[in-house]
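K.L.:
Just one file: data_26.pdb, with PDB, C-alpha atoms.
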ATOM      1  CA  MET U 395       0.000   0.000   0.000
ATOM      2  CA  THR U 396       1.389   3.338  -0.987
ATOM      3  CA  ARG U 397       0.936   6.233   1.236
ATOM      4  CA  SER U 398      -1.371   8.872  -0.144
ATOM      5  CA  THR U 399       0.571  11.762  -1.491
ATOM      6  CA  ILE U 400      -2.326  14.170  -1.261
ATOM      7  CA  GLU U 401      -1.988  16.100   1.901
ATOM      8  CA  LEU U 402      -4.235  18.930   2.915
ATOM      9  CA  THR U 403      -2.762  21.352   5.350
ATOM     10  CA  PRO U 404      -5.461  23.548   6.760
ATOM     11  CA  THR U 405      -4.416  27.116   7.328
ATOM     12  CA  VAL U 406      -5.238  29.110  10.411
ATOM     13  CA  GLU U 407      -8.008  30.694   8.435
ATOM     14  CA  ASP U 408      -9.451  27.306   7.501
ATOM     15  CA  ARG U 409      -9.547  26.228  11.106
ATOM     16  CA  ARG U 410     -11.199  29.450  12.132
ATOM     17  CA  ILE U 411     -13.859  29.088   9.456
ATOM     18  CA  ALA U 412     -14.481  25.491  10.473
ATOM     19  CA  ARG U 413     -14.817  26.475  14.114
ATOM     20  CA  HIS U 414     -17.303  29.222  13.413
ATOM     21  CA  ALA U 415     -19.243  27.114  10.945
ATOM     22  CA  ALA U 416     -19.481  24.424  13.626
ATOM     23  CA  ALA U 417     -20.895  26.938  16.095
ATOM     24  CA  ALA U 418     -23.406  28.121  13.503
ATOM     25  CA  ILE U 419     -24.416  24.535  12.683
ATOM     26  CA  VAL U 420     -25.022  23.809  16.356
ATOM     27  CA  LEU U 421     -27.294  26.836  16.572
ATOM     28  CA  THR U 422     -29.156  25.780  13.424
ATOM     29  CA  VAL U 423     -29.787  22.300  14.754
ATOM     30  CA  ALA U 424     -30.757  23.562  18.208
ATOM     31  CA  GLU U 425     -33.118  26.050  16.640
ATOM     32  CA  ALA U 426     -34.833  23.334  14.624
ATOM     33  CA  ALA U 427     -36.002  21.878  17.927
ATOM     34  CA  ILE U 428     -37.883  25.024  18.885
ATOM     35  CA  PRO U 429     -41.563  24.724  17.980
ATOM     36  CA  LEU U 430     -42.722  27.702  15.948
ATOM     37  CA  PRO U 431     -46.207  28.857  15.078
ATOM     38  CA  LEU U 432     -45.562  29.519  11.403
ATOM     39  CA  PRO U 433     -43.289  27.853   8.914
ATOM     40  CA  GLY U 434     -40.687  30.356   7.862
ATOM     41  CA  VAL U 435     -40.633  32.335  11.087
ATOM     42  CA  LYS U 436     -37.360  31.385  12.733
ATOM     43  CA  PRO U 437     -35.053  33.248  15.079
ATOM     44  CA  GLY U 438     -32.092  32.591  12.799
ATOM     45  CA  LEU U 439     -29.655  32.347  15.678
ATOM     46  CA  ALA U 440     -26.915  31.089  13.369
ATOM     47  CA  ASN U 441     -26.805  34.565  11.870
ATOM     48  CA  ILE U 442     -25.271  35.797  15.111
ATOM     49  CA  VAL U 443     -22.183  33.819  14.157
ATOM     50  CA  THR U 444     -22.251  35.253  10.638
ATOM     51  CA  LEU U 445     -22.430  38.785  12.045
ATOM     52  CA  ILE U 446     -19.513  38.207  14.397
ATOM     53  CA  VAL U 447     -17.356  36.668  11.686
ATOM     54  CA  LEU U 448     -18.262  39.520   9.370
ATOM     55  CA  ALA U 449     -17.277  42.139  11.907
ATOM     56  CA  ARG U 450     -14.028  40.472  12.925
ATOM     57  CA  TRP U 451     -12.732  38.709   9.852
ATOM     58  CA  GLY U 452     -14.532  40.222   6.938
ATOM     59  CA  TRP U 453     -17.052  39.337   4.314
ATOM     60  CA  ARG U 454     -15.235  36.447   2.625
ATOM     61  CA  GLU U 455     -15.074  34.412   5.819
ATOM     62  CA  ALA U 456     -18.665  35.256   6.645
ATOM     63  CA  VAL U 457     -19.690  33.847   3.252
ATOM     64  CA  TRP U 458     -17.802  30.626   3.965
ATOM     65  CA  VAL U 459     -19.311  30.244   7.406
ATOM     66  CA  ALA U 460     -22.862  30.994   6.278
ATOM     67  CA  LEU U 461     -22.797  28.697   3.249
ATOM     68  CA  LEU U 462     -21.124  25.854   5.147
ATOM     69  CA  ARG U 463     -23.758  26.272   7.817
ATOM     70  CA  VAL U 464     -26.599  26.022   5.290
ATOM     71  CA  LEU U 465     -25.047  22.964   3.665
ATOM     72  CA  ALA U 466     -24.087  21.030   6.791
ATOM     73  CA  GLY U 467     -27.180  22.142   8.701
ATOM     74  CA  SER U 468     -29.445  20.790   5.976
ATOM     75  CA  LEU U 469     -27.514  17.517   5.883
ATOM     76  CA  LEU U 470     -27.921  17.108   9.633
ATOM     77  CA  LEU U 471     -31.618  17.928   9.532
ATOM     78  CA  GLY U 472     -32.236  15.682   6.548
ATOM     79  CA  GLN U 473     -33.275  18.623   4.408
ATOM     80  CA  PHE U 474     -30.475  18.616   1.881
ATOM     81  CA  LEU U 475     -31.885  19.505  -1.573
ATOM     82  CA  ALA U 476     -35.405  19.639  -0.118
ATOM     83  CA  PRO U 477     -37.395  22.852  -0.638
ATOM     84  CA  GLY U 478     -36.351  24.082   2.798
ATOM     85  CA  PHE U 479     -32.723  23.829   1.777
ATOM     86  CA  PHE U 480     -33.198  26.073  -1.244
ATOM     87  CA  LEU U 481     -35.124  28.551   0.836
ATOM     88  CA  SER U 482     -32.298  28.699   3.389
ATOM     89  CA  LEU U 483     -29.712  28.924   0.641
ATOM     90  CA  SER U 484     -31.451  31.754  -1.172
ATOM     91  CA  GLY U 485     -31.997  33.567   2.125
ATOM     92  CA  ALA U 486     -28.353  33.132   3.073
ATOM     93  CA  ILE U 487     -27.077  34.347  -0.290
ATOM     94  CA  ALA U 488     -29.345  37.379  -0.262
ATOM     95  CA  SER U 489     -28.404  38.334   3.268
ATOM     96  CA  LEU U 490     -24.705  37.861   2.545
ATOM     97  CA  LEU U 491     -24.964  40.164  -0.465
ATOM     98  CA  THR U 492     -26.870  42.692   1.614
ATOM     99  CA  LEU U 493     -24.300  42.464   4.391
ATOM    100  CA  GLY U 494     -21.570  42.975   1.794
ATOM    101  CA  PHE U 495     -23.073  46.367   1.043
ATOM    102  CA  ALA U 496     -24.295  47.262   4.513
ATOM    103  CA  MET U 497     -20.941  46.597   6.179
ATOM    104  CA  HIS U 498     -19.568  49.707   4.481
ATOM    105  CA  LEU U 499     -22.010  51.937   6.332
ATOM    106  CA  PRO U 500     -20.256  54.139   8.883
ATOM    107  CA  ARG U 501     -19.652  51.931  11.915
ATOM    108  CA  ARG U 502     -20.014  54.789  14.326
ATOM    109  CA  TRP U 503     -23.660  55.046  13.374
ATOM    110  CA  PHE U 504     -24.664  51.591  12.266
ATOM    111  CA  GLY U 505     -23.755  48.656  14.460
ATOM    112  CA  PRO U 506     -24.477  44.929  14.376
ATOM    113  CA  VAL U 507     -28.144  45.624  15.109
ATOM    114  CA  SER U 508     -28.575  47.437  11.799
ATOM    115  CA  LEU U 509     -26.686  44.762   9.900
ATOM    116  CA  SER U 510     -28.777  42.091  11.557
ATOM    117  CA  ILE U 511     -32.046  43.764  10.590
ATOM    118  CA  PHE U 512     -30.864  44.258   7.008
ATOM    119  CA  ALA U 513     -29.809  40.626   6.817
ATOM    120  CA  ALA U 514     -33.118  39.443   8.252
ATOM    121  CA  PHE U 515     -35.089  41.425   5.699
ATOM    122  CA  ALA U 516     -32.887  40.152   2.880
ATOM    123  CA  HIS U 517     -33.496  36.652   4.191
ATOM    124  CA  ILE U 518     -37.285  36.824   4.162
ATOM    125  CA  GLY U 519     -37.299  38.847   0.944
ATOM    126  CA  ALA U 520     -35.346  36.235  -0.966
ATOM    127  CA  GLN U 521     -37.311  33.400   0.569
ATOM    128  CA  LEU U 522     -40.626  34.973  -0.353
ATOM    129  CA  VAL U 523     -39.484  35.521  -3.926
ATOM    130  CA  VAL U 524     -38.196  31.943  -4.252
ATOM    131  CA  ALA U 525     -41.364  30.586  -2.640
ATOM    132  CA  ARG U 526     -43.513  32.651  -4.984
ATOM    133  CA  LEU U 527     -41.597  31.723  -8.125
ATOM    134  CA  TRP U 528     -41.116  28.080  -7.391
ATOM    135  CA  LEU U 529     -42.998  26.539  -4.478
ATOM    136  CA  VAL U 530     -46.306  28.358  -4.333
ATOM    137  CA  PRO U 531     -46.907  30.062  -7.672
ATOM    138  CA  HIS U 532     -49.615  32.283  -6.288
ATOM    139  CA  ASP U 533     -49.599  35.782  -4.876
ATOM    140  CA  GLY U 534     -51.197  34.447  -1.707
ATOM    141  CA  VAL U 535     -47.667  33.843  -0.418
ATOM    142  CA  PHE U 536     -47.278  37.556   0.079
ATOM    143  CA  TYR U 537     -50.256  37.614   2.379
ATOM    144  CA  LEU U 538     -47.952  36.600   5.228
ATOM    145  CA  THR U 539     -45.410  39.320   4.464
ATOM    146  CA  PRO U 540     -46.401  41.485   7.458
ATOM    147  CA  VAL U 541     -45.815  38.568   9.825
ATOM    148  CA  PHE U 542     -42.436  37.818   8.283
ATOM    149  CA  ALA U 543     -41.480  41.488   8.332
ATOM    150  CA  ALA U 544     -42.402  41.796  11.999
ATOM    151  CA  ALA U 545     -40.387  38.671  12.775
ATOM    152  CA  ALA U 546     -37.465  40.095  10.794
ATOM    153  CA  VAL U 547     -37.448  43.273  12.857
ATOM    154  CA  PHE U 548     -37.842  41.446  16.153
ATOM    155  CA  PHE U 549     -35.328  38.670  15.625
ATOM    156  CA  GLY U 550     -33.078  41.041  13.737
ATOM    157  CA  VAL U 551     -32.840  43.281  16.781
ATOM    158  CA  VAL U 552     -32.399  40.358  19.192
ATOM    159  CA  ASN U 553     -29.697  38.668  17.123
ATOM    160  CA  GLY U 554     -27.994  41.985  16.491
ATOM    161  CA  LEU U 555     -27.899  42.766  20.193
ATOM    162  CA  ILE U 556     -26.469  39.363  21.018
ATOM    163  CA  ALA U 557     -23.856  39.744  18.283
ATOM    164  CA  ALA U 558     -22.965  43.240  19.496
ATOM    165  CA  ARG U 559     -22.571  41.991  23.029
ATOM    166  CA  LEU U 560     -20.453  39.025  22.020
ATOM    167  CA  LEU U 561     -18.289  41.279  19.872
ATOM    168  CA  ARG U 562     -17.724  43.499  22.879
ATOM    169  CA  ASP U 563     -17.101  40.703  25.378
ATOM    170  CA  LEU U 564     -15.386  37.966  23.417
ATOM    171  CA  PRO U 565     -11.598  38.084  23.457
ATOM    172  CA  GLN U 566     -10.188  39.215  20.135
ATOM    173  CA  ALA U 567      -8.131  36.067  19.585
ATOM    174  CA  THR U 568     -10.900  33.492  19.111
TER     175      THR U 568
ATOM    176  CA  MET O 563     -35.088  44.458  34.823
ATOM    177  CA  ARG O 564     -34.158  48.072  34.246
ATOM    178  CA  ALA O 565     -30.523  47.379  35.025
ATOM    179  CA  ARG O 566     -30.550  44.550  32.489
ATOM    180  CA  LEU O 567     -32.043  46.767  29.854
ATOM    181  CA  ALA O 568     -29.495  49.463  30.534
ATOM    182  CA  GLU O 569     -26.779  46.926  29.827
ATOM    183  CA  TRP O 570     -28.081  46.299  26.334
ATOM    184  CA  LEU O 571     -28.985  49.821  25.310
ATOM    185  CA  PRO O 572     -25.444  51.122  24.755
ATOM    186  CA  LEU O 573     -25.012  48.399  22.137
ATOM    187  CA  ILE O 574     -27.542  50.127  19.920
ATOM    188  CA  ARG O 575     -25.995  52.892  17.849
ATOM    189  CA  PRO O 576     -27.905  55.952  16.629
ATOM    190  CA  GLY O 577     -28.369  54.633  13.114
ATOM    191  CA  ASP O 578     -29.668  51.358  14.495
ATOM    192  CA  TRP O 579     -32.699  53.174  15.858
ATOM    193  CA  LEU O 580     -33.301  54.561  12.393
ATOM    194  CA  VAL O 581     -33.057  51.117  10.825
ATOM    195  CA  MET O 582     -35.396  49.711  13.457
ATOM    196  CA  ALA O 583     -37.906  52.476  12.820
ATOM    197  CA  ALA O 584     -37.639  51.879   9.074
ATOM    198  CA  GLY O 585     -38.196  48.167   9.626
ATOM    199  CA  LEU O 586     -41.277  48.802  11.725
ATOM    200  CA  ALA O 587     -42.554  51.289   9.165
ATOM    201  CA  LEU O 588     -42.148  48.599   6.511
ATOM    202  CA  CYS O 589     -44.186  46.208   8.688
ATOM    203  CA  VAL O 590     -46.962  48.750   9.099
ATOM    204  CA  PHE O 591     -46.877  49.519   5.391
ATOM    205  CA  ALA O 592     -47.019  45.830   4.487
ATOM    206  CA  THR O 593     -49.916  45.268   6.862
ATOM    207  CA  ALA O 594     -51.799  48.268   5.571
ATOM    208  CA  THR O 595     -51.380  47.342   1.921
ATOM    209  CA  LEU O 596     -51.701  43.569   2.086
ATOM    210  CA  TRP O 597     -54.240  43.102   4.838
ATOM    211  CA  ARG O 598     -56.926  45.480   3.803
ATOM    212  CA  GLY O 599     -58.823  42.791   1.929
ATOM    213  CA  GLY O 600     -62.420  42.902   3.026
ATOM    214  CA  ALA O 601     -62.563  46.630   3.606
ATOM    215  CA  PRO O 602     -64.799  47.921   0.828
ATOM    216  CA  ASP O 603     -64.326  51.391  -0.590
ATOM    217  CA  LYS O 604     -67.242  51.826  -2.936
ATOM    218  CA  ALA O 605     -70.700  50.554  -3.723
ATOM    219  CA  VAL O 606     -71.568  49.682  -7.299
ATOM    220  CA  ILE O 607     -75.243  49.718  -8.211
ATOM    221  CA  ARG O 608     -76.432  48.036 -11.381
ATOM    222  CA  ALA O 609     -79.879  48.252 -12.923
ATOM    223  CA  GLY O 610     -80.987  46.182 -15.887
ATOM    224  CA  GLY O 611     -77.440  44.936 -16.400
ATOM    225  CA  GLU O 612     -75.954  48.423 -16.730
ATOM    226  CA  VAL O 613     -73.951  50.232 -14.088
ATOM    227  CA  PHE O 614     -76.385  52.684 -12.570
ATOM    228  CA  GLY O 615     -73.848  54.410 -10.365
ATOM    229  CA  GLU O 616     -70.765  54.047  -8.178
ATOM    230  CA  TYR O 617     -70.788  55.644  -4.774
ATOM    231  CA  GLY O 618     -68.050  56.112  -2.241
ATOM    232  CA  LEU O 619     -68.775  54.642   1.182
ATOM    233  CA  SER O 620     -67.698  57.712   3.087
ATOM    234  CA  VAL O 621     -70.809  59.848   2.583
ATOM    235  CA  PRO O 622     -74.165  58.482   3.813
ATOM    236  CA  ARG O 623     -76.872  58.743   1.203
ATOM    237  CA  LEU O 624     -80.041  57.186  -0.175
ATOM    238  CA  VAL O 625     -80.135  56.171  -3.818
ATOM    239  CA  GLU O 626     -83.373  55.504  -5.670
ATOM    240  CA  VAL O 627     -82.958  53.054  -8.519
ATOM    241  CA  PRO O 628     -85.785  52.609 -10.994
ATOM    242  CA  GLY O 629     -86.581  49.138 -12.307
ATOM    243  CA  PRO O 630     -89.409  47.364 -14.134
ATOM    244  CA  LEU O 631     -91.376  46.781 -10.892
ATOM    245  CA  GLY O 632     -90.779  50.130  -9.284
ATOM    246  CA  THR O 633     -88.123  51.847  -7.264
ATOM    247  CA  THR O 634     -85.436  50.066  -5.256
ATOM    248  CA  LEU O 635     -84.101  52.129  -2.384
ATOM    249  CA  ILE O 636     -80.437  51.679  -1.542
ATOM    250  CA  GLU O 637     -78.958  53.101   1.598
ATOM    251  CA  ILE O 638     -75.251  53.846   1.899
ATOM    252  CA  GLU O 639     -73.477  54.563   5.159
ATOM    253  CA  ALA O 640     -69.862  54.793   6.272
ATOM    254  CA  GLY O 641     -68.253  51.485   5.275
ATOM    255  CA  ARG O 642     -71.498  49.644   4.519
ATOM    256  CA  ALA O 643     -74.531  49.602   2.270
ATOM    257  CA  ARG O 644     -77.857  47.809   2.055
ATOM    258  CA  VAL O 645     -81.004  47.528   0.024
ATOM    259  CA  ALA O 646     -83.463  49.387   2.241
ATOM    260  CA  ALA O 647     -86.578  48.707   0.204
ATOM    261  CA  ASP O 648     -87.450  46.790  -2.933
ATOM    262  CA  PRO O 649     -90.728  46.092  -4.752
ATOM    263  CA  GLY O 650     -89.769  42.445  -5.404
ATOM    264  CA  PRO O 651     -92.073  39.734  -4.010
ATOM    265  CA  ARG O 652     -89.612  37.779  -1.866
ATOM    266  CA  GLN O 653     -87.395  40.544  -0.499
ATOM    267  CA  TYR O 654     -84.235  38.450  -0.502
ATOM    268  CA  CYS O 655     -81.968  41.406  -1.175
ATOM    269  CA  VAL O 656     -83.565  43.436   1.595
ATOM    270  CA  ARG O 657     -83.259  40.619   4.109
ATOM    271  CA  GLN O 658     -79.576  40.302   3.378
ATOM    272  CA  GLY O 659     -79.134  43.385   5.488
ATOM    273  CA  TRP O 660     -76.007  45.472   5.588
ATOM    274  CA  LEU O 661     -73.162  44.503   3.281
ATOM    275  CA  THR O 662     -69.781  45.177   4.861
ATOM    276  CA  GLN O 663     -67.253  43.046   2.977
ATOM    277  CA  ALA O 664     -65.659  43.875  -0.346
ATOM    278  CA  GLY O 665     -67.029  41.527  -2.953
ATOM    279  CA  SER O 666     -70.410  40.934  -1.300
ATOM    280  CA  VAL O 667     -73.480  41.393  -3.440
ATOM    281  CA  ALA O 668     -77.211  41.834  -2.883
ATOM    282  CA  ILE O 669     -79.287  41.058  -5.954
ATOM    283  CA  CYS O 670     -82.876  42.072  -6.369
ATOM    284  CA  ALA O 671     -83.580  39.920  -9.393
ATOM    285  CA  PRO O 672     -87.250  40.782 -10.009
ATOM    286  CA  ASN O 673     -86.473  44.485 -10.211
ATOM    287  CA  GLN O 674     -83.146  43.834 -12.015
ATOM    288  CA  VAL O 675     -81.135  45.814  -9.487
ATOM    289  CA  SER O 676     -77.952  44.725  -7.787
ATOM    290  CA  LEU O 677     -75.755  46.274  -5.159
ATOM    291  CA  SER O 678     -72.145  45.151  -4.781
ATOM    292  CA  LEU O 679     -69.249  46.387  -2.718
ATOM    293  CA  SER O 680     -65.826  46.608  -4.259
ATOM    294  CA  GLY O 681     -62.505  47.124  -2.540
ATOM    295  CA  ARG O 682     -58.887  47.208  -3.509
ATOM    296  CA  GLY O 683     -57.497  44.750  -0.976
ATOM    297  CA  GLY O 684     -57.566  41.000  -1.246
ATOM    298  CA  GLN O 685     -56.962  40.765  -4.942
ATOM    299  CA  TYR O 686     -53.875  42.404  -6.341
ATOM    300  CA  ASP O 687     -53.599  43.599  -9.859
ATOM    301  CA  SER O 688     -49.887  43.088  -9.817
ATOM    302  CA  LEU O 689     -46.915  42.779  -7.542
ATOM    303  CA  ASN O 690     -43.401  43.420  -8.742
ATOM    304  CA  TYR O 691     -40.115  42.653  -7.082
TER     305      TYR O 691
END
Take the structure in the file and give it back as structure tokens.

P.N.:
Amino acid sequence: MTRSTIELTPTVEDRRIARHAAAAIVLTVAEAAIPLPLPGVKPGLANIVTLIVLARWGWREAVWVALLRVLAGSLLLGQFLAPGFFLSLSGAIASLLTLGFAMHLPRRWFGPVSLSIFAAFAHIGAQLVVARLWLVPHDGVFYLTPVFAAAAVFFGVVNGLIAARLLRDLPQAT
Amino acid sequence: MRARLAEWLPLIRPGDWLVMAAGLALCVFATATLWRGGAPDKAVIRAGGEVFGEYGLSVPRLVEVPGPLGTTLIEIEAGRARVAADPGPRQYCVRQGWLTQAGSVAICAPNQVSLSLSGRGGQYDSLNY
């Protein structure tokens, strides 16, 4: 037997991404256990991790963490390639793009709370559009928009506050 | 409780309040535009198959509509309308009472008069994203 010559040496960055993605996946799985009144209304706790990574290590790492979380989270929940997976994926992509723009807002004025709210709205926006175009081809989908918007504001603020607090209290080195 | 709240407040920056307010405004706007189905905004009266008149539901008024049997009396009030009197034999449209929902109709078939409420909510013409 010959020894494999392919050797992957993870960089510090790789390890960091893996660690944060793992934290986000744990939150995704834990969140799936919370009973919720409406499909689609979720706290989105994993986005706290995305916000922290974005603030500390930039957009590229946040993209890695968020997409790995969607992929591995759906595998763990048995939702990979199911409709829910595409909804999460589209929401994640939209919120990452939004965060990419919103992160350039002056930090003195707009903190993690703002970013979190923007991301939450991007999330539901993209999900509604995907749901309308693909899953439920009827305008009735939009009937629930006010509920989703209210949830986006509420959970956006909560997640943003938690992210802001963790950013303040967590040691820089993690 | 207050001490706890005070711990979190400094984490919110000035612009965050703006974003929060904008988010809430969006919620209110979405609710107002998408959930007004059922609230009628005008009464449409037809006689003999033709539109006899369209009346806003803000001003109370009585409308007399002539038909083959006589005059049908339609009463309009704020947000509702009814057929107050009709010469038809069975009085179905009168017994229907006040109409309050967009899309509801009272038909006085013998006198060929109908009263329907129309509203904007509920059915969209188009939505674009």

K.L.:
Assuming the chain letters and numbering stay as they are in my file, what does the PyMOL selection byres ((chain O) within 6 of (chain U)) actually select? List them as JSON, numbers by chain.

P.N.:
{"O": [575, 576, 577, 578, 581, 585, 589, 592, 593]}

K.L.:
Show me the residues around (-77.8, 52.6, 2.2) - criterion: an atom at most 9 Å away, only C-alpha atoms counted - as a PyMOL selection string.

P.N.:
chain O and resi 622-625+635-639+642-646+660

K.L.:
List the residues matched by the PyMOL selection byres ((chain U and resi 416-429) around 10) in the displayed structure as a PDB file with C-alpha atoms, in the frame of the given file, ordered by chain and then by residue number.

P.N.:
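Dumped to selection-v9.pdb:
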ATOM      1  CA  ARG U 410     -11.199  29.450  12.132  1.00  0.00           C
ATOM      2  CA  ILE U 411     -13.859  29.088   9.456  1.00  0.00           C
ATOM      3  CA  ALA U 412     -14.481  25.491  10.473  1.00  0.00           C
ATOM      4  CA  ARG U 413     -14.817  26.475  14.114  1.00  0.00           C
ATOM      5  CA  HIS U 414     -17.303  29.222  13.413  1.00  0.00           C
ATOM      6  CA  ALA U 415     -19.243  27.114  10.945  1.00  0.00           C
ATOM      7  CA  LEU U 430     -42.722  27.702  15.948  1.00  0.00           C
ATOM      8  CA  PRO U 431     -46.207  28.857  15.078  1.00  0.00           C
ATOM      9  CA  LEU U 432     -45.562  29.519  11.403  1.00  0.00           C
ATOM     10  CA  PRO U 433     -43.289  27.853   8.914  1.00  0.00           C
ATOM     11  CA  LYS U 436     -37.360  31.385  12.733  1.00  0.00           C
ATOM     12  CA  PRO U 437     -35.053  33.248  15.079  1.00  0.00           C
ATOM     13  CA  GLY U 438     -32.092  32.591  12.799  1.00  0.00           C
ATOM     14  CA  LEU U 439     -29.655  32.347  15.678  1.00  0.00           C
ATOM     15  CA  ALA U 440     -26.915  31.089  13.369  1.00  0.00           C
ATOM     16  CA  ASN U 441     -26.805  34.565  11.870  1.00  0.00           C
ATOM     17  CA  ILE U 442     -25.271  35.797  15.111  1.00  0.00           C
ATOM     18  CA  VAL U 443     -22.183  33.819  14.157  1.00  0.00           C
ATOM     19  CA  THR U 444     -22.251  35.253  10.638  1.00  0.00           C
ATOM     20  CA  VAL U 459     -19.311  30.244   7.406  1.00  0.00           C
ATOM     21  CA  ALA U 460     -22.862  30.994   6.278  1.00  0.00           C
ATOM     22  CA  LEU U 462     -21.124  25.854   5.147  1.00  0.00           C
ATOM     23  CA  ARG U 463     -23.758  26.272   7.817  1.00  0.00           C
ATOM     24  CA  VAL U 464     -26.599  26.022   5.290  1.00  0.00           C
ATOM     25  CA  LEU U 465     -25.047  22.964   3.665  1.00  0.00           C
ATOM     26  CA  ALA U 466     -24.087  21.030   6.791  1.00  0.00           C
ATOM     27  CA  GLY U 467     -27.180  22.142   8.701  1.00  0.00           C
ATOM     28  CA  SER U 468     -29.445  20.790   5.976  1.00  0.00           C
ATOM     29  CA  LEU U 470     -27.921  17.108   9.633  1.00  0.00           C
ATOM     30  CA  LEU U 471     -31.618  17.928   9.532  1.00  0.00           C
TER      31      LEU U 471
END

K.L.:
In Å, how far is it from CA of Val524 in chain U to CA of Val435 in chain U?

P.N.:
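Taking CA of Val524 in chain U and CA of Val435 in chain U, their separation equals 15.5 Å.
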
K.L.:
One number please: CA of Leu679 in chain O to CA of Phe591 in chain O, in Å, one decimal.

P.N.:
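Computing the Euclidean distance for CA of Leu679 in chain O and CA of Phe591 in chain O yields 24.0 Å.
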
K.L.:
Just give me the gap between CA of Leu483 in chain U and CA of Ala584 in chain O in Å, one decimal is fine.

P.N.:
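CA of Ala584 in chain O lies at a distance of 25.7 Å from CA of Leu483 in chain U.
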
K.L.:
Using all atoms listed in the file, which residue out of O:Gly641, O:Pro602, O:Val627, O:Gly618 lies closest to Gly665 in chain O?

P.N.:
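Of the candidates, the smallest distance to Gly665 in chain O is held by O:Pro602.
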
K.L.:
Identify which of the residues U:Val535, U:Ala514, U:Leu491, U:Ala496 lies closest to Arg454 in chain U, counting all atoms listed in the file when measuring atom-to-atom distances.

P.N.:
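Among the listed residues, the smallest separation from Arg454 in chain U belongs to U:Leu491.
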
K.L.:
When you look at range 668-674 of chain O with a cut-off of 10 Å (counting only C-alpha atoms), what residues show up, excluding the ones that are within fewer than 5 positions of it in the same chain? I need them as a PyMOL selection string.

P.N.:
chain O and resi 607-612+627-634+643-645+648-661+679

K.L.:
What would range 436-440 of chain U look like with all heavy atoms restored, written as a compact mmCIF listing (two decimals), keeping the file's coordinate frame?

P.N.:
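Output saved as result.txt:
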# COMPACT_ATOMS: atom_id res chain seq x y z
N LYS U 436 -38.39 32.02 11.92
CA LYS U 436 -37.36 31.38 12.73
C LYS U 436 -36.48 32.47 13.33
O LYS U 436 -36.28 33.51 12.70
CB LYS U 436 -36.48 30.48 11.86
CG LYS U 436 -37.10 29.14 11.57
CD LYS U 436 -36.02 28.11 11.26
CE LYS U 436 -35.39 28.34 9.90
NZ LYS U 436 -34.44 27.28 9.56
N PRO U 437 -35.93 32.22 14.50
CA PRO U 437 -35.05 33.25 15.08
C PRO U 437 -33.79 33.46 14.24
O PRO U 437 -33.27 34.56 14.19
CB PRO U 437 -34.70 32.68 16.45
CG PRO U 437 -35.71 31.64 16.73
CD PRO U 437 -36.18 31.12 15.41
N GLY U 438 -33.31 32.43 13.59
CA GLY U 438 -32.09 32.59 12.80
C GLY U 438 -30.87 32.87 13.64
O GLY U 438 -30.05 33.73 13.33
N LEU U 439 -30.75 32.11 14.73
CA LEU U 439 -29.66 32.35 15.68
C LEU U 439 -28.28 32.19 15.03
O LEU U 439 -27.31 32.83 15.44
CB LEU U 439 -29.78 31.38 16.86
CG LEU U 439 -31.03 31.55 17.71
CD1 LEU U 439 -31.12 30.44 18.75
CD2 LEU U 439 -31.04 32.90 18.39
N ALA U 440 -28.21 31.32 14.01
CA ALA U 440 -26.92 31.09 13.37
C ALA U 440 -26.36 32.37 12.75
O ALA U 440 -25.15 32.51 12.55
CB ALA U 440 -27.04 30.01 12.31
